[in-house]
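As provided, model_23.pdb (PDB, C-alpha atoms) reads as follows.
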```
MODEL        1
ATOM      1  CA  MET A   1       0.000   0.000   0.000
ATOM      2  CA  ALA A   2       2.844   2.346   0.890
ATOM      3  CA  ARG A   3       4.530   1.518  -2.437
ATOM      4  CA  THR A   4       1.290   2.439  -4.257
ATOM      5  CA  ARG A   5       1.147   5.783  -2.448
ATOM      6  CA  VAL A   6       4.754   6.555  -3.445
ATOM      7  CA  ARG A   7       4.053   5.686  -7.103
ATOM      8  CA  PHE A   8       0.883   7.832  -7.066
ATOM      9  CA  SER A   9       2.739  10.780  -5.516
ATOM     10  CA  SER A  10       5.462  10.491  -8.166
ATOM     11  CA  LEU A  11       2.860  10.552 -10.945
ATOM     12  CA  LEU A  12       1.295  13.680  -9.454
ATOM     13  CA  ALA A  13       4.682  15.394  -9.304
ATOM     14  CA  LEU A  14       5.454  14.423 -12.914
ATOM     15  CA  SER A  15       2.055  15.666 -14.078
ATOM     16  CA  ALA A  16       2.592  18.985 -12.316
ATOM     17  CA  ALA A  17       6.013  19.382 -13.920
ATOM     18  CA  LEU A  18       4.646  18.619 -17.371
ATOM     19  CA  ALA A  19       1.829  21.097 -16.862
ATOM     20  CA  LEU A  20       4.351  23.758 -15.869
ATOM     21  CA  VAL A  21       6.522  23.100 -18.926
ATOM     22  CA  THR A  22       3.495  23.057 -21.208
ATOM     23  CA  GLY A  23       2.296  26.334 -19.741
ATOM     24  CA  CYS A  24       5.687  27.936 -20.330
ATOM     25  CA  GLY A  25       5.684  26.649 -23.902
ATOM     26  CA  ASN A  26       2.296  28.187 -24.609
ATOM     27  CA  GLY A  27       3.476  31.477 -23.165
ATOM     28  CA  ASP A  28       6.516  31.509 -25.459
ATOM     29  CA  THR A  29       4.325  30.811 -28.478
ATOM     30  CA  ALA A  30       2.033  33.684 -27.578
ATOM     31  CA  SER A  31       5.072  35.913 -27.130
ATOM     32  CA  LYS A  32       6.404  35.013 -30.580
ATOM     33  CA  ASP A  33       3.027  35.788 -32.115
ATOM     34  CA  ALA A  34       2.880  39.219 -30.447
ATOM     35  CA  PRO A  35       4.246  42.382 -32.125
ATOM     36  CA  PRO A  36       7.975  43.021 -31.435
ATOM     37  CA  GLY A  37       7.150  45.910 -29.104
ATOM     38  CA  GLN A  38       5.019  43.620 -26.935
ATOM     39  CA  ARG A  39       7.767  40.971 -26.901
ATOM     40  CA  GLY A  40      10.109  43.480 -25.308
ATOM     41  CA  GLY A  41      12.063  44.007 -28.555
ATOM     42  CA  LYS A  42      12.111  46.828 -31.076
ATOM     43  CA  PRO A  43      10.425  46.301 -34.452
ATOM     44  CA  VAL A  44      12.711  46.510 -37.481
ATOM     45  CA  VAL A  45      10.835  48.592 -40.038
ATOM     46  CA  VAL A  46      11.758  49.134 -43.688
ATOM     47  CA  VAL A  47       9.894  51.904 -45.509
ATOM     48  CA  THR A  48       9.895  52.955 -49.137
ATOM     49  CA  THR A  49      10.194  56.736 -48.488
ATOM     50  CA  THR A  50      10.660  59.247 -45.688
ATOM     51  CA  TRP A  51       6.898  59.799 -45.743
ATOM     52  CA  GLU A  52       6.143  56.241 -44.599
ATOM     53  CA  GLY A  53       9.205  56.512 -42.351
ATOM     54  CA  ALA A  54       7.777  59.520 -40.541
ATOM     55  CA  PHE A  55       4.515  57.658 -39.930
ATOM     56  CA  ALA A  56       6.490  54.695 -38.554
ATOM     57  CA  LYS A  57       8.592  56.913 -36.283
ATOM     58  CA  ALA A  58       5.520  58.750 -35.014
ATOM     59  CA  ALA A  59       3.984  55.364 -34.181
ATOM     60  CA  GLY A  60       6.981  54.472 -32.011
ATOM     61  CA  ALA A  61       9.361  52.614 -34.349
ATOM     62  CA  GLU A  62      13.038  53.371 -33.693
ATOM     63  CA  ASP A  63      14.822  51.069 -36.143
ATOM     64  CA  VAL A  64      13.635  52.471 -39.489
ATOM     65  CA  LYS A  65      15.412  52.048 -42.838
ATOM     66  CA  VAL A  66      14.354  54.177 -45.810
ATOM     67  CA  ILE A  67      14.763  52.717 -49.305
ATOM     68  CA  VAL A  68      14.297  55.757 -51.556
ATOM     69  CA  PRO A  69      17.008  58.412 -50.975
ATOM     70  CA  GLN A  70      15.744  61.833 -49.992
ATOM     71  CA  SER A  71      17.631  63.302 -52.953
ATOM     72  CA  VAL A  72      15.110  61.659 -55.312
ATOM     73  CA  HIS A  73      12.642  64.481 -55.927
ATOM     74  CA  HIS A  74       9.862  62.256 -57.271
ATOM     75  CA  ALA A  75      10.005  59.071 -55.206
ATOM     76  CA  PRO A  76       7.776  56.896 -57.463
ATOM     77  CA  ASP A  77      10.441  57.194 -60.201
ATOM     78  CA  TYR A  78      13.027  55.364 -58.071
ATOM     79  CA  ASP A  79      14.118  51.853 -59.038
ATOM     80  CA  PRO A  80      15.118  49.877 -55.901
ATOM     81  CA  LYS A  81      18.624  48.375 -55.912
ATOM     82  CA  PRO A  82      19.340  44.742 -54.890
ATOM     83  CA  SER A  83      20.757  46.024 -51.578
ATOM     84  CA  ASP A  84      17.481  47.837 -50.919
ATOM     85  CA  LEU A  85      15.497  44.683 -51.497
ATOM     86  CA  ALA A  86      17.888  42.647 -49.317
ATOM     87  CA  ALA A  87      17.110  44.953 -46.401
ATOM     88  CA  VAL A  88      13.420  44.245 -46.879
ATOM     89  CA  GLY A  89      13.941  40.571 -46.153
ATOM     90  CA  LYS A  90      15.372  41.366 -42.687
ATOM     91  CA  ALA A  91      12.473  43.520 -41.566
ATOM     92  CA  ASP A  92       9.609  42.777 -39.202
ATOM     93  CA  PHE A  93       7.423  45.237 -41.100
ATOM     94  CA  VAL A  94       7.627  46.754 -44.579
ATOM     95  CA  LEU A  95       5.642  49.933 -45.202
ATOM     96  CA  TYR A  96       4.707  51.070 -48.704
ATOM     97  CA  ALA A  97       2.080  53.077 -50.579
ATOM     98  CA  PRO A  98      -0.110  51.537 -53.294
ATOM     99  CA  PHE A  99       0.677  54.269 -55.828
ATOM    100  CA  GLU A 100       4.406  53.462 -55.764
ATOM    101  CA  PRO A 101       5.196  51.422 -58.915
ATOM    102  CA  TYR A 102       7.892  49.392 -57.164
ATOM    103  CA  ALA A 103       5.440  48.059 -54.575
ATOM    104  CA  ALA A 104       5.320  44.709 -56.418
ATOM    105  CA  LYS A 105       9.108  44.319 -56.122
ATOM    106  CA  ILE A 106       8.904  45.186 -52.427
ATOM    107  CA  LYS A 107       6.235  42.557 -51.860
ATOM    108  CA  GLU A 108       8.264  39.897 -53.660
ATOM    109  CA  ALA A 109      11.443  40.698 -51.720
ATOM    110  CA  ALA A 110       9.691  40.640 -48.355
ATOM    111  CA  GLY A 111       9.312  36.859 -48.423
ATOM    112  CA  SER A 112       7.459  35.195 -45.584
ATOM    113  CA  LYS A 113       8.988  36.968 -42.582
ATOM    114  CA  ALA A 114       8.136  40.618 -42.977
ATOM    115  CA  GLU A 115       4.590  41.851 -42.574
ATOM    116  CA  LEU A 116       3.626  44.070 -45.492
ATOM    117  CA  VAL A 117       1.716  47.168 -44.451
ATOM    118  CA  GLU A 118       0.038  49.463 -46.962
ATOM    119  CA  VAL A 119       0.067  53.044 -45.659
ATOM    120  CA  ASN A 120      -2.421  55.746 -46.539
ATOM    121  CA  LEU A 121      -0.031  58.605 -47.311
ATOM    122  CA  ASP A 122      -2.127  61.663 -46.603
ATOM    123  CA  ASN A 123      -1.102  64.510 -44.302
ATOM    124  CA  ASP A 124      -4.715  65.279 -43.430
ATOM    125  CA  ALA A 125      -4.617  65.552 -39.642
ATOM    126  CA  ASP A 126      -7.441  63.080 -38.993
ATOM    127  CA  LYS A 127      -5.927  60.488 -41.327
ATOM    128  CA  VAL A 128      -2.483  60.916 -39.776
ATOM    129  CA  ARG A 129      -3.837  60.264 -36.302
ATOM    130  CA  ALA A 130      -5.662  57.150 -37.507
ATOM    131  CA  GLU A 131      -2.608  55.741 -39.320
ATOM    132  CA  VAL A 132      -0.249  56.414 -36.406
ATOM    133  CA  ALA A 133      -2.638  54.679 -34.004
ATOM    134  CA  ARG A 134      -2.999  51.710 -36.369
ATOM    135  CA  LEU A 135       0.756  51.342 -36.817
ATOM    136  CA  GLY A 136       1.367  51.687 -33.087
ATOM    137  CA  LYS A 137      -0.955  48.757 -32.491
ATOM    138  CA  LEU A 138       0.814  46.682 -35.160
ATOM    139  CA  PHE A 139       4.260  47.486 -33.753
ATOM    140  CA  GLY A 140       3.233  46.996 -30.132
ATOM    141  CA  THR A 141       4.165  50.643 -29.416
ATOM    142  CA  GLU A 142       0.744  52.088 -28.643
ATOM    143  CA  GLU A 143       2.008  54.207 -25.738
ATOM    144  CA  ALA A 144       4.572  55.990 -27.930
ATOM    145  CA  ALA A 145       1.982  56.491 -30.675
ATOM    146  CA  THR A 146      -0.504  58.017 -28.229
ATOM    147  CA  LYS A 147       2.148  60.347 -26.829
ATOM    148  CA  TRP A 148       3.119  61.524 -30.318
ATOM    149  CA  SER A 149      -0.499  62.151 -31.305
ATOM    150  CA  ALA A 150      -0.979  64.342 -28.237
ATOM    151  CA  SER A 151       2.029  66.488 -29.172
ATOM    152  CA  PHE A 152       0.820  66.585 -32.790
ATOM    153  CA  ASP A 153      -2.623  67.853 -31.731
ATOM    154  CA  THR A 154      -1.046  70.665 -29.713
ATOM    155  CA  GLU A 155       1.276  71.719 -32.537
ATOM    156  CA  TYR A 156      -1.405  71.464 -35.226
ATOM    157  CA  ALA A 157      -3.869  73.624 -33.277
ATOM    158  CA  LYS A 158      -1.193  76.258 -32.707
ATOM    159  CA  LEU A 159      -0.171  76.367 -36.382
ATOM    160  CA  SER A 160      -3.750  76.452 -37.620
ATOM    161  CA  LYS A 161      -4.612  79.373 -35.348
ATOM    162  CA  ASP A 162      -1.471  81.202 -36.446
ATOM    163  CA  VAL A 163      -2.270  80.821 -40.162
ATOM    164  CA  GLU A 164      -5.891  81.845 -39.704
ATOM    165  CA  GLY A 165      -4.615  84.997 -38.020
ATOM    166  CA  SER A 166      -3.043  85.931 -41.372
ATOM    167  CA  TRP A 167      -6.250  85.726 -43.422
ATOM    168  CA  PRO A 168      -6.429  88.803 -45.698
ATOM    169  CA  GLY A 169      -9.012  91.128 -44.196
ATOM    170  CA  GLY A 170      -9.828  88.456 -41.626
ATOM    171  CA  LYS A 171     -11.667  86.404 -44.261
ATOM    172  CA  SER A 172     -10.980  82.775 -45.214
ATOM    173  CA  PRO A 173      -9.243  82.800 -48.632
ATOM    174  CA  ALA A 174     -10.561  80.766 -51.565
ATOM    175  CA  VAL A 175      -8.035  78.155 -52.697
ATOM    176  CA  VAL A 176      -7.499  75.548 -55.397
ATOM    177  CA  SER A 177      -5.412  72.564 -54.297
ATOM    178  CA  GLN A 178      -3.539  69.774 -55.997
ATOM    179  CA  VAL A 179      -5.177  66.494 -54.903
ATOM    180  CA  PHE A 180      -2.298  65.668 -52.528
ATOM    181  CA  THR A 181      -2.176  69.101 -50.858
ATOM    182  CA  THR A 182      -5.779  69.505 -49.731
ATOM    183  CA  TRP A 183      -4.577  68.874 -46.168
ATOM    184  CA  SER A 184      -2.759  72.228 -46.209
ATOM    185  CA  ALA A 185      -5.963  74.051 -47.160
ATOM    186  CA  LYS A 186      -7.594  72.448 -44.140
ATOM    187  CA  LEU A 187      -4.676  73.521 -41.940
ATOM    188  CA  ALA A 188      -5.166  77.103 -43.132
ATOM    189  CA  GLY A 189      -8.929  77.041 -42.598
ATOM    190  CA  ALA A 190      -9.179  78.071 -46.259
ATOM    191  CA  THR A 191     -12.263  77.788 -48.452
ATOM    192  CA  ALA A 192     -11.676  75.020 -51.014
ATOM    193  CA  VAL A 193     -13.153  75.929 -54.410
ATOM    194  CA  GLY A 194     -11.539  73.207 -56.529
ATOM    195  CA  THR A 195      -8.839  70.577 -56.969
ATOM    196  CA  TYR A 196      -6.657  69.401 -59.847
ATOM    197  CA  GLY A 197      -4.067  66.754 -60.702
ATOM    198  CA  PRO A 198      -2.092  64.737 -60.388
ATOM    199  CA  GLU A 199      -1.993  65.273 -64.173
ATOM    200  CA  ALA A 200      -1.445  68.724 -65.670
ATOM    201  CA  VAL A 201      -4.478  71.001 -65.828
ATOM    202  CA  THR A 202      -6.389  70.757 -69.103
ATOM    203  CA  PRO A 203      -7.639  73.882 -70.928
ATOM    204  CA  ALA A 204     -11.179  73.111 -69.754
ATOM    205  CA  GLN A 205     -10.048  72.779 -66.135
ATOM    206  CA  LEU A 206      -8.010  75.960 -66.453
ATOM    207  CA  ALA A 207     -11.059  77.936 -67.487
ATOM    208  CA  GLU A 208     -13.237  76.342 -64.812
ATOM    209  CA  LEU A 209     -10.810  76.757 -61.911
ATOM    210  CA  SER A 210      -9.792  80.288 -62.898
ATOM    211  CA  GLY A 211     -13.465  81.222 -63.038
ATOM    212  CA  ARG A 212     -13.799  80.372 -59.353
ATOM    213  CA  LYS A 213     -11.395  83.230 -58.610
ATOM    214  CA  PRO A 214      -9.105  81.539 -56.057
ATOM    215  CA  ALA A 215      -6.678  83.701 -54.102
ATOM    216  CA  LEU A 216      -4.205  80.830 -53.756
ATOM    217  CA  VAL A 217      -3.169  77.693 -55.639
ATOM    218  CA  LEU A 218      -1.669  75.061 -53.331
ATOM    219  CA  ASP A 219       0.648  73.135 -55.620
ATOM    220  CA  ASN A 220       2.478  69.875 -54.885
ATOM    221  CA  ALA A 221       6.234  70.590 -54.806
ATOM    222  CA  HIS A 222       6.990  66.947 -55.644
ATOM    223  CA  MET A 223       4.723  66.799 -58.701
ATOM    224  CA  SER A 224       4.656  70.368 -59.954
ATOM    225  CA  THR A 225       3.700  70.988 -63.570
ATOM    226  CA  GLY A 226       4.675  74.662 -63.445
ATOM    227  CA  THR A 227       2.305  77.591 -63.087
ATOM    228  CA  VAL A 228      -1.119  76.031 -62.677
ATOM    229  CA  LEU A 229      -3.452  78.975 -63.285
ATOM    230  CA  PRO A 230      -1.527  81.607 -65.256
ATOM    231  CA  ASP A 231      -3.188  85.008 -65.664
ATOM    232  CA  SER A 232      -5.733  84.150 -62.951
ATOM    233  CA  GLY A 233      -4.197  86.428 -60.358
ATOM    234  CA  ALA A 234      -3.930  83.529 -57.897
ATOM    235  CA  ARG A 235      -0.716  83.244 -55.929
ATOM    236  CA  GLN A 236       0.866  79.786 -56.165
ATOM    237  CA  VAL A 237       2.233  78.145 -53.003
ATOM    238  CA  GLU A 238       4.524  75.112 -53.157
ATOM    239  CA  ILE A 239       3.529  72.567 -50.493
ATOM    240  CA  VAL A 240       6.039  69.893 -49.470
ATOM    241  CA  ASN A 241       4.574  66.544 -48.404
ATOM    242  CA  TYR A 242       7.687  64.486 -47.663
ATOM    243  CA  PRO A 243       9.519  64.832 -44.326
ATOM    244  CA  GLY A 244      13.309  65.165 -44.145
ATOM    245  CA  ALA A 245      15.969  62.603 -43.290
ATOM    246  CA  ASP A 246      15.123  62.941 -39.585
ATOM    247  CA  LEU A 247      11.698  61.379 -40.336
ATOM    248  CA  ASP A 248       9.958  64.081 -38.323
ATOM    249  CA  LEU A 249       6.466  64.814 -39.642
ATOM    250  CA  LEU A 250       5.868  68.020 -37.667
ATOM    251  CA  PRO A 251       8.230  70.235 -39.752
ATOM    252  CA  VAL A 252       6.049  69.450 -42.791
ATOM    253  CA  TYR A 253       3.183  71.295 -41.100
ATOM    254  CA  ARG A 254       5.412  74.086 -39.814
ATOM    255  CA  ASN A 255       6.824  74.689 -43.284
ATOM    256  CA  ALA A 256       3.382  74.649 -44.880
ATOM    257  CA  ALA A 257       2.086  77.124 -42.295
ATOM    258  CA  ALA A 258       5.032  79.453 -42.925
ATOM    259  CA  GLU A 259       4.509  79.359 -46.711
ATOM    260  CA  LEU A 260       0.776  79.946 -46.352
ATOM    261  CA  LYS A 261       1.293  82.924 -44.046
ATOM    262  CA  LYS A 262       3.820  84.399 -46.463
ATOM    263  CA  ALA A 263       1.389  83.991 -49.374
ATOM    264  CA  MET A 264      -1.365  85.695 -47.416
ATOM    265  CA  GLY A 265       0.879  88.639 -46.686
ATOM    266  CA  GLY A 266       1.739  87.702 -43.128
ATOM    267  CA  SER A 267       5.231  87.663 -41.679
TER     268      SER A 267
ENDMDL
END
```

The structure given in the file should be rewritten as structure tokens.
Amino acid sequence: MARTRVRFSSLLALSAALALVTGCGNGDTASKDAPPGQRGGKPVVVVTTTWEGAFAKAAGAEDVKVIVPQSVHHAPDYDPKPSDLAAVGKADFVLYAPFEPYAAKIKEAAGSKAELVEVNLDNDADKVRAEVARLGKLFGTEEAATKWSASFDTEYAKLSKDVEGSWPGGKSPAVVSQVFTTWSAKLAGATAVGTYGPEAVTPAQLAELSGRKPALVLDNAHMSTGTVLPDSGARQVEIVNYPGADLDLLPVYRNAAAELKKAMGGS
């Protein structure tokens, strides 16, 4: 009887040990399935341009590699080198925009490891907040993303108020925007009367948009086709969408605000 009790006690101990090991194994599996930020590591992020890079940095990513050099004025024209594509294969996440013609090459190079993430590249404040929050959740860096969004809200409100203070005669100016610069019209609190692009304005569009008597034309510095509405009297403002090498998105808004104020006659 005593021998039976010993054998039974040993089986209980073995079962407990197995349960403990199994539990640890399940925990490790869950950890591997979690985003790098939630595993205690830093996500390795490869991005096609500084624009996606700025979104990634705002969301909390620290290890960010940009494929397209900043010196390339029109990023979609860039042809990725083999070394660029090799970097993609080492990433946890690869961020790209659907309008970039090399997106197919990026997808192919990513293989099975990297998670491909299509980014909505739009500097509209509401869309930026949504994308940063989404990426923060993917990266496991929600706290950093939330902190950045709070600082962005403060800066955006300050810049918007400053630009509105430069309205000619205290009245919201009428503007025509290139399709990728409408966010700057919103920043200025301007009255949107039309959009154009990304192709050059046709003669019919020229007549139509000029007839709406805009005070400003908000052109896209990266896709400019020259003077958009000649002889209309509208002042053309070049708006820059892409952040610099520091991948800081806030200077994009500061620069736009400064250009808008200058165009409206402010200091």

**OP:** Give me the residues within 10 Å of His73 of chain A as a list in words, counting only C-alpha atoms and dropping any in the same chain fewer than 4 places off.
**Re:**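 After dropping sequence-adjacent residues, the list is Val68, Pro69, Asp77, Tyr78, Ala221, His222, Met223 and Tyr242 of chain A.
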
Just the selected residues (C-alpha atoms), exported as a PDB file, keeping the file's coordinate frame, please.
```
ATOM      1  CA  VAL A  68      14.297  55.757 -51.556  1.00  0.00           C
ATOM      2  CA  PRO A  69      17.008  58.412 -50.975  1.00  0.00           C
ATOM      3  CA  ASP A  77      10.441  57.194 -60.201  1.00  0.00           C
ATOM      4  CA  TYR A  78      13.027  55.364 -58.071  1.00  0.00           C
ATOM      5  CA  ALA A 221       6.234  70.590 -54.806  1.00  0.00           C
ATOM      6  CA  HIS A 222       6.990  66.947 -55.644  1.00  0.00           C
ATOM      7  CA  MET A 223       4.723  66.799 -58.701  1.00  0.00           C
ATOM      8  CA  TYR A 242       7.687  64.486 -47.663  1.00  0.00           C
TER       9      TYR A 242
END
```

Original post:
So what do you get for atom CA of Thr146 of chain A versus atom CA of Lys161 of chain A, distance-wise?
Top reply: 22.9 Å

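The shell of residues at most 9 Å from Ala114 of chain A, with all atoms listed in the file counted and near chain neighbours (fewer than 4 positions) removed, consists of Val45, Val88, Gly89, Lys90, Ala91, Asp92, Phe93, Val94 and Ala110 of chain A.
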
Original post:
Which polymer residues have any atom within 6 Å of an atom of Val217 of chain A, counting only C-alpha atoms, with same-chain residues fewer than 3 positions away left out, as an MDAnalysis selection string?
Top reply: chainID A and resid 175:177 236

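Against the coordinates shown, the PyMOL selection byres ((chain A and resi 253) around 10) returns A:Asn123, A:Ala125, A:Phe152, A:Glu155, A:Tyr156, A:Leu159, A:Ser160, A:Trp183, A:Ser184, A:Leu187, A:Ile239, A:Val240, A:Asn241, A:Pro243, A:Leu249, A:Leu250, A:Pro251, A:Val252, A:Arg254, A:Asn255, A:Ala256, A:Ala257, A:Ala258, A:Glu259.
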
Please identify all polymer residues within 8 Å of Leu85 of chain A, counting only C-alpha atoms, omitting same-chain residues fewer than 5 positions from it, and present them as a CSV table (one decimal) with C-alpha atoms, keeping the file's coordinate frame.
```csv
chain,number,residue,atom,x,y,z
A,80,PRO,CA,15.1,49.9,-55.9
A,105,LYS,CA,9.1,44.3,-56.1
A,106,ILE,CA,8.9,45.2,-52.4
A,109,ALA,CA,11.4,40.7,-51.7
A,110,ALA,CA,9.7,40.6,-48.4
```

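Between atom CA of Val163 of chain A and atom CA of Pro214 of chain A the interatomic distance comes to 17.3 Å.
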
Original post:
Just so the selection is clear, what residues does the PyMOL selection byres ((chain A and resi 190-193) around 9) cover here, as a list of chain:residue names?
Top reply: A:Glu164, A:Trp167, A:Lys171, A:Ser172, A:Pro173, A:Ala174, A:Val175, A:Val176, A:Ser177, A:Thr182, A:Ser184, A:Ala185, A:Lys186, A:Leu187, A:Ala188, A:Gly189, A:Gly194, A:Thr195, A:Leu209, A:Arg212, A:Lys213, A:Pro214

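Note that atom CA of Gly244 of chain A and atom CA of Ala144 of chain A are 20.6 Å apart.
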
**OP:** For Glu52 of chain A, work out the shell of residues within 8 Å, counting only C-alpha atoms and skipping chain neighbours fewer than 6 positions away, then give it as an NGL selection string.
**Re:** :A and (95-97 or 119 or 121)
